[in-house]
file protein-v6.txt (compact mmCIF, C-alpha atoms)
# COMPACT_ATOMS: atom_id res chain seq x y z
CA MET A 1 10.25 36.66 -2.76
CA SER A 2 7.15 35.38 -1.06
CA ASP A 3 6.37 35.82 2.61
CA VAL A 4 6.94 32.17 3.35
CA LYS A 5 10.38 32.25 1.78
CA ARG A 6 11.39 35.38 3.58
CA ARG A 7 10.39 33.70 6.81
CA LEU A 8 12.39 30.61 5.90
CA LEU A 9 15.40 32.67 5.00
CA LEU A 10 15.17 34.57 8.24
CA LYS A 11 14.84 31.35 10.18
CA ALA A 12 17.80 29.82 8.37
CA THR A 13 19.91 32.89 9.00
CA LEU A 14 19.10 32.96 12.69
CA ALA A 15 19.64 29.23 13.06
CA SER A 16 22.98 29.19 11.32
CA GLY A 17 24.09 32.17 13.40
CA ALA A 18 23.36 30.31 16.61
CA ILE A 19 25.01 27.17 15.33
CA GLY A 20 28.05 29.14 14.26
CA VAL A 21 28.48 30.32 17.82
CA ALA A 22 28.05 26.81 19.21
CA VAL A 23 30.56 25.33 16.77
CA GLY A 24 32.97 28.17 17.41
CA ALA A 25 32.80 27.45 21.11
CA GLY A 26 33.68 23.85 20.37
CA LEU A 27 30.45 22.62 21.89
CA LEU A 28 29.09 20.67 18.99
CA ARG A 29 30.30 18.90 15.91
CA PRO A 30 28.97 20.44 12.72
CA ARG A 31 27.61 17.16 11.28
CA VAL A 32 25.37 16.64 14.28
CA VAL A 33 24.09 20.18 14.49
CA LEU A 34 23.09 20.89 10.95
CA ALA A 35 22.29 18.02 8.65
CA ALA A 36 23.96 19.39 5.54
CA TRP A 37 24.28 17.55 2.24
CA PRO A 38 26.68 14.69 3.09
CA GLU A 39 29.19 15.29 0.31
CA GLN A 40 31.67 12.64 1.40
CA ALA A 41 28.98 9.96 1.31
CA PHE A 42 27.71 11.01 -2.10
CA GLN A 43 31.20 11.12 -3.60
CA ALA A 44 32.13 7.72 -2.16
CA LYS A 45 33.00 5.03 -4.70
CA SER A 46 31.99 2.01 -2.63
CA VAL A 47 28.94 1.02 -0.61
CA SER A 48 31.04 0.72 2.52
CA ASP A 49 32.52 4.21 2.14
CA ALA A 50 29.11 5.67 1.36
CA LEU A 51 27.63 4.19 4.54
CA LYS A 52 30.60 5.30 6.61
CA GLY A 53 30.16 8.78 5.17
CA LEU A 54 26.54 8.80 6.31
CA TYR A 55 26.62 6.94 9.59
CA GLU A 56 30.30 6.51 10.49
CA SER A 57 29.69 2.76 10.30
CA ASP A 58 28.89 0.28 7.56
CA ALA A 59 27.64 -2.47 9.84
CA ALA A 60 24.05 -2.85 8.66
CA VAL A 61 22.09 -5.89 9.79
CA GLU A 62 19.60 -7.43 7.37
CA SER A 63 16.08 -6.97 8.64
CA ALA A 64 12.76 -8.52 7.63
CA ASP A 65 11.06 -5.35 8.85
CA ILE A 66 12.23 -3.49 5.76
CA LYS A 67 10.52 -4.01 2.43
CA LEU A 68 12.36 -2.90 -0.67
CA LYS A 69 10.22 -2.79 -3.77
CA ALA A 70 12.06 -2.58 -7.09
CA PRO A 71 11.62 -4.37 -10.41
CA ASP A 72 13.42 -7.70 -11.03
CA ILE A 73 14.25 -6.51 -14.51
CA ALA A 74 14.50 -2.85 -15.43
CA GLU A 75 14.01 -2.27 -19.12
CA ASN A 76 15.33 1.22 -18.73
CA GLY A 77 18.06 1.67 -16.12
CA ALA A 78 17.60 5.44 -16.24
CA VAL A 79 14.25 5.21 -14.48
CA VAL A 80 13.99 2.48 -11.86
CA PRO A 81 11.25 2.91 -9.26
CA VAL A 82 12.36 2.05 -5.72
CA GLU A 83 10.04 1.98 -2.74
CA VAL A 84 11.18 1.44 0.84
CA SER A 85 8.71 0.69 3.59
CA THR A 86 9.51 -0.29 7.13
CA SER A 87 7.73 -1.19 10.33
CA LEU A 88 10.76 -0.33 12.46
CA ASP A 89 10.24 2.32 15.14
CA ASN A 90 12.13 5.61 15.51
CA VAL A 91 13.37 5.66 11.95
CA LYS A 92 15.82 8.52 11.66
CA SER A 93 16.91 8.09 8.09
CA ILE A 94 16.67 5.84 5.05
CA GLY A 95 19.40 5.52 2.46
CA ILE A 96 19.16 4.06 -1.03
CA VAL A 97 22.40 2.58 -2.34
CA ILE A 98 23.10 1.05 -5.75
CA GLU A 99 26.14 -1.19 -5.45
CA LYS A 100 27.45 -1.07 -9.03
CA ASN A 101 26.91 2.64 -9.71
CA GLY A 102 30.07 4.74 -9.93
CA ARG A 103 28.87 6.64 -6.89
CA PRO A 104 26.62 4.14 -5.09
CA LEU A 105 24.68 6.46 -2.78
CA ALA A 106 21.55 7.68 -4.57
CA ALA A 107 19.44 9.15 -1.79
CA ASP A 108 19.43 9.75 1.94
CA PHE A 109 16.06 10.60 3.46
CA GLN A 110 16.15 12.38 6.81
CA LEU A 111 12.97 11.62 8.71
CA THR A 112 11.10 12.81 11.76
CA ASP A 113 8.78 11.07 14.20
CA ARG A 114 5.96 11.97 11.83
CA PHE A 115 7.22 9.57 9.19
CA ALA A 116 4.57 6.93 8.43
CA GLY A 117 6.84 4.18 7.14
CA LYS A 118 7.02 4.58 3.39
CA VAL A 119 9.14 6.52 0.94
CA SER A 120 9.76 6.04 -2.76
CA THR A 121 11.58 7.61 -5.67
CA ARG A 122 13.08 6.71 -9.05
CA VAL A 123 16.79 6.11 -9.54
CA LYS A 124 19.34 5.36 -12.25
CA VAL A 125 20.95 1.94 -12.23
CA ALA A 126 23.98 1.86 -14.54
CA GLU A 127 24.21 -1.93 -14.84
CA SER A 128 22.63 -4.96 -13.20
CA SER A 129 23.24 -4.41 -9.52
CA LYS A 130 22.23 -5.03 -5.98
CA VAL A 131 20.02 -2.21 -4.72
CA MET A 132 20.05 -1.66 -0.97
CA ALA A 133 17.89 0.20 1.49
CA VAL A 134 19.60 1.13 4.73
CA VAL A 135 17.42 2.20 7.64
CA GLU A 136 18.81 3.98 10.69
CA SER A 137 16.63 3.18 13.68
CA GLY A 138 17.40 3.56 17.36
CA GLY A 139 21.08 4.19 16.65
CA LYS A 140 21.45 0.98 14.64
CA LEU A 141 21.60 0.23 10.93
CA TYR A 142 19.30 -2.25 9.22
CA SER A 143 19.19 -3.15 5.58
CA ALA A 144 17.29 -4.92 2.85
CA ALA A 145 18.57 -5.65 -0.63
CA LYS A 146 17.33 -6.70 -4.00
CA GLU A 147 19.01 -7.62 -7.27
CA VAL A 148 17.87 -5.50 -10.23
CA LYS A 149 18.74 -6.62 -13.75
CA VAL A 150 19.19 -3.81 -16.22
CA THR A 151 18.81 -4.30 -19.94
CA ILE A 152 19.61 -0.69 -20.94
CA GLY A 153 22.02 1.32 -18.80
CA GLY A 154 21.06 4.36 -16.79
CA CYS A 155 24.24 6.33 -17.38
CA GLY A 156 25.65 7.56 -20.64
CA GLY A 157 22.13 7.82 -22.11
CA MET B 1 17.76 31.59 -11.15
CA ALA B 2 14.11 31.12 -11.83
CA ASP B 3 12.16 29.29 -9.22
CA LYS B 4 10.80 26.15 -10.83
CA ASP B 5 7.56 24.45 -10.13
CA VAL B 6 7.06 21.27 -8.09
CA LYS B 7 3.88 19.35 -8.85
CA ILE B 8 2.42 17.89 -5.67
CA ARG B 9 -0.53 15.72 -4.77
CA ALA B 10 -1.29 15.10 -1.14
CA GLN B 11 -4.01 12.72 -0.09
CA HIS B 12 -5.27 11.88 3.36
CA LYS B 13 -5.99 8.17 3.95
CA GLY B 14 -6.87 6.88 7.38
CA ASP B 15 -4.51 8.77 9.66
CA VAL B 16 -1.64 9.11 7.21
CA THR B 17 -1.09 11.56 4.39
CA GLU B 18 0.43 10.32 1.17
CA VAL B 19 2.45 12.90 -0.73
CA LYS B 20 3.47 12.46 -4.36
CA ALA B 21 5.70 15.04 -5.97
CA LEU B 22 7.22 15.52 -9.38
CA MET B 23 10.06 17.93 -10.03
CA SER B 24 11.36 19.14 -13.34
CA HIS B 25 15.15 18.81 -13.45
CA PRO B 26 17.80 17.33 -15.83
CA MET B 27 19.71 15.49 -13.04
CA GLU B 28 22.94 15.39 -15.07
CA THR B 29 25.54 12.99 -13.67
CA GLY B 30 28.57 14.62 -15.26
CA ASN B 31 29.25 11.37 -17.11
CA ARG B 32 27.29 12.18 -20.25
CA LYS B 33 28.62 13.80 -23.38
CA ASP B 34 26.82 16.16 -25.67
CA GLN B 35 26.06 14.08 -28.78
CA LYS B 36 26.84 16.94 -31.16
CA THR B 37 29.88 18.59 -29.63
CA GLY B 38 31.31 15.61 -27.73
CA GLU B 39 31.80 17.82 -24.70
CA VAL B 40 31.06 16.50 -21.24
CA ILE B 41 27.81 17.85 -19.84
CA PRO B 42 28.62 19.19 -16.36
CA GLU B 43 27.02 17.76 -13.24
CA HIS B 44 23.69 19.34 -12.49
CA TYR B 45 21.45 17.69 -9.95
CA ILE B 46 19.16 18.38 -7.01
CA THR B 47 21.02 17.94 -3.72
CA GLU B 48 18.32 18.68 -1.19
CA VAL B 49 14.54 18.45 -1.07
CA ASN B 50 12.66 19.83 1.90
CA CYS B 51 9.08 18.76 2.60
CA GLN B 52 7.01 20.73 5.07
CA HIS B 53 3.55 20.41 6.54
CA SER B 54 2.16 23.73 7.74
CA GLY B 55 5.69 25.10 8.15
CA GLU B 56 7.15 22.08 9.97
CA THR B 57 9.69 19.87 8.19
CA VAL B 58 8.48 16.28 7.91
CA LEU B 59 11.10 14.95 5.50
CA THR B 60 14.39 16.13 4.04
CA ALA B 61 15.86 14.22 1.12
CA PHE B 62 19.54 14.45 0.24
CA TRP B 63 20.07 13.34 -3.33
CA GLY B 64 22.98 12.53 -5.57
CA PRO B 65 23.10 12.36 -9.36
CA SER B 66 21.78 8.76 -9.30
CA VAL B 67 18.24 10.01 -8.85
CA SER B 68 16.42 9.91 -12.20
CA LYS B 69 15.79 12.90 -14.44
CA ASN B 70 12.61 14.81 -13.53
CA PRO B 71 12.64 13.30 -10.05
CA TYR B 72 9.67 11.65 -8.42
CA LEU B 73 9.31 11.56 -4.66
CA SER B 74 6.57 9.98 -2.63
CA PHE B 75 6.24 9.41 1.11
CA GLU B 76 3.72 9.06 3.90
CA PHE B 77 3.53 11.02 7.12
CA LYS B 78 1.28 11.36 10.16
CA GLY B 79 -0.40 14.22 11.94
CA ALA B 80 -1.98 16.21 9.12
CA GLN B 81 -5.59 16.97 8.27
CA PRO B 82 -7.34 17.48 4.95
CA GLY B 83 -7.14 21.17 4.06
CA ASP B 84 -3.63 21.57 5.48
CA THR B 85 -0.79 22.70 3.27
CA VAL B 86 2.20 20.69 2.08
CA THR B 87 5.16 22.62 0.71
CA ILE B 88 8.11 21.06 -1.11
CA SER B 89 11.19 22.96 -2.15
CA TRP B 90 14.50 21.86 -3.65
CA VAL B 91 17.93 23.28 -4.27
CA ASP B 92 20.51 21.91 -6.73
CA ASN B 93 24.30 21.88 -6.92
CA LYS B 94 24.25 25.14 -8.90
CA GLY B 95 22.11 26.92 -6.33
CA GLU B 96 18.97 26.87 -8.45
CA THR B 97 15.73 26.31 -6.58
CA GLY B 98 12.21 25.07 -7.09
CA THR B 99 9.12 25.04 -4.95
CA GLY B 100 5.51 23.90 -4.94
CA GLU B 101 2.54 23.80 -2.65
CA ALA B 102 -0.58 21.67 -2.38
CA THR B 103 -3.59 21.34 -0.15
CA ILE B 104 -4.18 17.94 1.41
CA LYS B 105 -7.32 16.28 0.07
call {"tool": "encode", "arguments": {"input": "protein-v6.txt", "output": "structure tokens"}}
result
Amino acid sequence: MSDVKRRLLLKATLASGAIGVAVGAGLLRPRVVLAAWPEQAFQAKSVSDALKGLYESDAAVESADIKLKAPDIAENGAVVPVEVSTSLDNVKSIGIVIEKNGRPLAADFQLTDRFAGKVSTRVKVAESSKVMAVVESGGKLYSAAKEVKVTIGGCGG
Amino acid sequence: MADKDVKIRAQHKGDVTEVKALMSHPMETGNRKDQKTGEVIPEHYITEVNCQHSGETVLTAFWGPSVSKNPYLSFEFKGAQPGDTVTISWVDNKGETGTGEATIK
């Protein structure tokens, strides 16, 4: 175990100890304190449930300040590049949702004030589907969407 | 539980740093079957990726199985200088981990 890791582990242990006390005292709700992997959102079967799992609301307003870059036609649904860039201020998180996937939520990026407006990854798209980027900014949800046509599916190989 | 490598490139442009990272992971959805045995291959995917600049978290990614095999992640952040260190580490649903480090160019 490297020094850095030991430090991280120590930090994590101390932090969770303090949080445990706070939660035990009923001061704070766990979801707010420690951003843990949002299982409910990732297991959700619909876009609406996935968003509610992440933000407790699915009311996202379409915004021209979000650019979602993805191919019109994906030859291989197993590897579809998706890039989200936004000029919105105070971006807290960005979610990538694929409407027709069995479990639509693909990724949820938790950001800080040092985020410079762009994030990208590659996702699986099972069949032709709407791909959505949801941006949480200033306590509100904004979205952008794009239709991606898939010629070979991303699931089932 | 071997710690796997994350390949990272971090480049300073203007006042932002662009990070590109490649992880090596099967990202199994749990929907696929082994072609020989016909048995379902269990879910196995990265759930959390933590990106740090000089020890401070700049981005945390929560992922589900819809992220592609051998995941690629790229993002831009502010406030770093060439020569600083970017560290990326991940953990998957089986508790396996991976980490990598790069110097900003």
call {"tool": "closest_residue", "arguments": {"input": "protein-v6.txt", "among": "A:Ala145, A:Ala116, A:Val135, A:Val84", "to": "chain B", "atoms": "all atoms listed in the file"}}
result
A:Ala116
call {"tool": "interface_residues", "arguments": {"input": "protein-v6.txt", "of": "chain B", "to": "chain A", "cutoff": "8 Å", "atoms": "all atoms listed in the file", "output": "MDAnalysis selection string"}}
result
chainID B and resid 16 29 31:33 47:48 58:69 71:79
call {"tool": "atom_distance", "arguments": {"input": "protein-v6.txt", "atom1": "CA of Thr57 (chain B)", "atom2": "CA of Arg9 (chain B)"}}
result
17.0 Å
call {"tool": "atom_distance", "arguments": {"input": "protein-v6.txt", "atom1": "CA of Glu56 (chain B)", "atom2": "CA of Gly95 (chain B)"}}
result
22.6 Å
call {"tool": "atom_distance", "arguments": {"input": "protein-v6.txt", "atom1": "CA of His25 (chain B)", "atom2": "CA of Lys13 (chain B)"}}
result
29.4 Å
call {"tool": "closest_residue", "arguments": {"input": "protein-v6.txt", "among": "B:Ile46, B:Lys20, B:Gln35, B:Gly14", "to": "Glu96 (chain B)", "atoms": "all atoms listed in the file"}}
result
B:Ile46
call {"tool": "residues_around", "arguments": {"input": "protein-v6.txt", "residues": "region 48-60 of chain A", "least_positions_apart": "5", "cutoff": "6 Å", "atoms": "only C-alpha atoms", "output": "list in words"}}
result
Gln40, Ala41, Leu141, Tyr142 and Ser143 of chain A
call {"tool": "write_last_selection", "arguments": {"input": "protein-v6.txt", "atoms": "C-alpha atoms", "output": "short mmCIF file (atom, residue, chain, number, x, y, z; two decimals), in the frame of the given file"}}
result
data_model
loop_
_atom_site.label_atom_id
_atom_site.label_comp_id
_atom_site.auth_asym_id
_atom_site.auth_seq_id
_atom_site.Cartn_x
_atom_site.Cartn_y
_atom_site.Cartn_z
CA GLN A 40 31.67 12.64 1.40
CA ALA A 41 28.98 9.96 1.31
CA LEU A 141 21.60 0.23 10.93
CA TYR A 142 19.30 -2.25 9.22
CA SER A 143 19.19 -3.15 5.58
#
call {"tool": "residues_around", "arguments": {"input": "protein-v6.txt", "residues": "Lys130 (chain A)", "least_positions_apart": "4", "cutoff": "6 Å", "atoms": "only C-alpha atoms", "output": "PyMOL selection string"}}
result
chain A and resi 99+146-147
call {"tool": "closest_residue", "arguments": {"input": "protein-v6.txt", "among": "B:Gln11, B:Thr97, B:Thr85, B:Thr103", "to": "Gly55 (chain B)", "atoms": "all atoms listed in the file"}}
result
B:Thr85
call {"tool": "axis_aligned_box", "arguments": {"input": "protein-v6.txt", "around": "region 72-76 of chain A", "padding_each_side": "8 Å", "output": "lines of an AutoDock Vina configuration file"}}
result
center_x = 14.4
center_y = -3.2
center_z = -15.1
size_x = 17.9
size_y = 24.9
size_z = 24.1
call {"tool": "closest_residue", "arguments": {"input": "protein-v6.txt", "among": "B:Ile104, B:Glu39, B:Ile88, B:Asp34", "to": "Ala21 (chain B)", "atoms": "only C-alpha atoms"}}
result
B:Ile88
call {"tool": "closest_residue", "arguments": {"input": "protein-v6.txt", "among": "A:Asp89, A:Thr151, A:Ala144, A:Val131", "to": "Glu62 (chain A)", "atoms": "all atoms listed in the file"}}
result
A:Ala144
call {"tool": "decode", "arguments": {"input": "protein-v6.txt", "residues": "region 10-21 of chain B", "atoms": "all heavy atoms", "output": "mmCIF file, in the first residue's frame"}}
result
data_model
loop_
_atom_site.group_PDB
_atom_site.id
_atom_site.type_symbol
_atom_site.label_atom_id
_atom_site.label_comp_id
_atom_site.auth_asym_id
_atom_site.auth_seq_id
_atom_site.Cartn_x
_atom_site.Cartn_y
_atom_site.Cartn_z
ATOM 1 N N ALA B 10 -2.610 14.167 -19.230
ATOM 2 C CA ALA B 10 -3.154 15.439 -18.770
ATOM 3 C C ALA B 10 -2.385 16.562 -19.434
ATOM 4 O O ALA B 10 -1.165 16.617 -19.362
ATOM 5 C CB ALA B 10 -3.038 15.537 -17.254
ATOM 6 N N GLN B 11 -3.134 17.435 -20.107
ATOM 7 C CA GLN B 11 -2.488 18.495 -20.867
ATOM 8 C C GLN B 11 -3.052 19.853 -20.494
ATOM 9 O O GLN B 11 -4.274 20.019 -20.414
ATOM 10 C CB GLN B 11 -2.701 18.230 -22.354
ATOM 11 C CG GLN B 11 -1.659 18.887 -23.209
ATOM 12 C CD GLN B 11 -1.427 18.111 -24.496
ATOM 13 O OE1 GLN B 11 -2.301 17.391 -24.944
ATOM 14 N NE2 GLN B 11 -0.254 18.260 -25.087
ATOM 15 N N HIS B 12 -2.167 20.796 -20.283
ATOM 16 C CA HIS B 12 -2.562 22.139 -19.900
ATOM 17 C C HIS B 12 -2.728 22.989 -21.151
ATOM 18 O O HIS B 12 -1.816 23.068 -21.975
ATOM 19 C CB HIS B 12 -1.472 22.735 -18.999
ATOM 20 C CG HIS B 12 -1.927 23.915 -18.233
ATOM 21 N ND1 HIS B 12 -2.843 23.821 -17.205
ATOM 22 C CD2 HIS B 12 -1.616 25.228 -18.348
ATOM 23 C CE1 HIS B 12 -3.058 25.032 -16.716
ATOM 24 N NE2 HIS B 12 -2.336 25.895 -17.399
ATOM 25 N N LYS B 13 -3.935 23.587 -21.314
ATOM 26 C CA LYS B 13 -4.177 24.452 -22.477
ATOM 27 C C LYS B 13 -4.864 25.711 -21.973
ATOM 28 O O LYS B 13 -5.935 25.619 -21.390
ATOM 29 C CB LYS B 13 -5.118 23.806 -23.500
ATOM 30 C CG LYS B 13 -4.897 22.337 -23.767
ATOM 31 C CD LYS B 13 -5.781 21.875 -24.908
ATOM 32 C CE LYS B 13 -7.180 21.516 -24.477
ATOM 33 N NZ LYS B 13 -7.938 20.787 -25.514
ATOM 34 N N GLY B 14 -4.242 26.848 -22.212
ATOM 35 C CA GLY B 14 -4.816 28.087 -21.702
ATOM 36 C C GLY B 14 -4.837 28.009 -20.191
ATOM 37 O O GLY B 14 -3.801 27.795 -19.578
ATOM 38 N N ASP B 15 -6.033 28.161 -19.583
ATOM 39 C CA ASP B 15 -6.064 28.011 -18.126
ATOM 40 C C ASP B 15 -6.834 26.765 -17.703
ATOM 41 O O ASP B 15 -7.214 26.632 -16.547
ATOM 42 C CB ASP B 15 -6.620 29.273 -17.452
ATOM 43 C CG ASP B 15 -7.966 29.668 -18.004
ATOM 44 O OD1 ASP B 15 -8.420 28.992 -18.948
ATOM 45 O OD2 ASP B 15 -8.559 30.639 -17.505
ATOM 46 N N VAL B 16 -7.095 25.872 -18.655
ATOM 47 C CA VAL B 16 -7.743 24.624 -18.264
ATOM 48 C C VAL B 16 -6.819 23.437 -18.530
ATOM 49 O O VAL B 16 -5.906 23.507 -19.340
ATOM 50 C CB VAL B 16 -9.097 24.380 -18.996
ATOM 51 C CG1 VAL B 16 -10.065 25.498 -18.732
ATOM 52 C CG2 VAL B 16 -8.893 24.159 -20.473
ATOM 53 N N THR B 17 -7.064 22.372 -17.780
ATOM 54 C CA THR B 17 -6.302 21.150 -17.969
ATOM 55 C C THR B 17 -7.242 20.086 -18.519
ATOM 56 O O THR B 17 -8.318 19.858 -17.966
ATOM 57 C CB THR B 17 -5.716 20.669 -16.628
ATOM 58 O OG1 THR B 17 -4.924 21.721 -16.088
ATOM 59 C CG2 THR B 17 -4.868 19.423 -16.806
ATOM 60 N N GLU B 18 -6.839 19.482 -19.613
ATOM 61 C CA GLU B 18 -7.644 18.421 -20.201
ATOM 62 C C GLU B 18 -7.061 17.075 -19.782
ATOM 63 O O GLU B 18 -5.876 16.816 -19.982
ATOM 64 C CB GLU B 18 -7.636 18.544 -21.721
ATOM 65 C CG GLU B 18 -8.505 17.495 -22.386
ATOM 66 C CD GLU B 18 -8.312 17.465 -23.895
ATOM 67 O OE1 GLU B 18 -7.144 17.372 -24.341
ATOM 68 O OE2 GLU B 18 -9.301 17.543 -24.613
ATOM 69 N N VAL B 19 -7.913 16.253 -19.186
ATOM 70 C CA VAL B 19 -7.483 14.938 -18.724
ATOM 71 C C VAL B 19 -8.143 13.878 -19.600
ATOM 72 O O VAL B 19 -9.346 13.941 -19.864
ATOM 73 C CB VAL B 19 -7.896 14.713 -17.253
ATOM 74 C CG1 VAL B 19 -7.484 13.323 -16.781
ATOM 75 C CG2 VAL B 19 -7.296 15.777 -16.357
ATOM 76 N N LYS B 20 -7.354 12.929 -20.066
ATOM 77 C CA LYS B 20 -7.899 11.787 -20.809
ATOM 78 C C LYS B 20 -7.419 10.522 -20.120
ATOM 79 O O LYS B 20 -6.218 10.381 -19.857
ATOM 80 C CB LYS B 20 -7.394 11.793 -22.251
ATOM 81 C CG LYS B 20 -7.923 12.937 -23.084
ATOM 82 C CD LYS B 20 -7.333 12.874 -24.470
ATOM 83 C CE LYS B 20 -7.918 13.980 -25.330
ATOM 84 N NZ LYS B 20 -7.293 14.000 -26.658
ATOM 85 N N ALA B 21 -8.349 9.633 -19.814
ATOM 86 C CA ALA B 21 -7.957 8.436 -19.080
ATOM 87 C C ALA B 21 -8.581 7.192 -19.705
ATOM 88 O O ALA B 21 -9.709 7.227 -20.205
ATOM 89 C CB ALA B 21 -8.390 8.541 -17.625
#
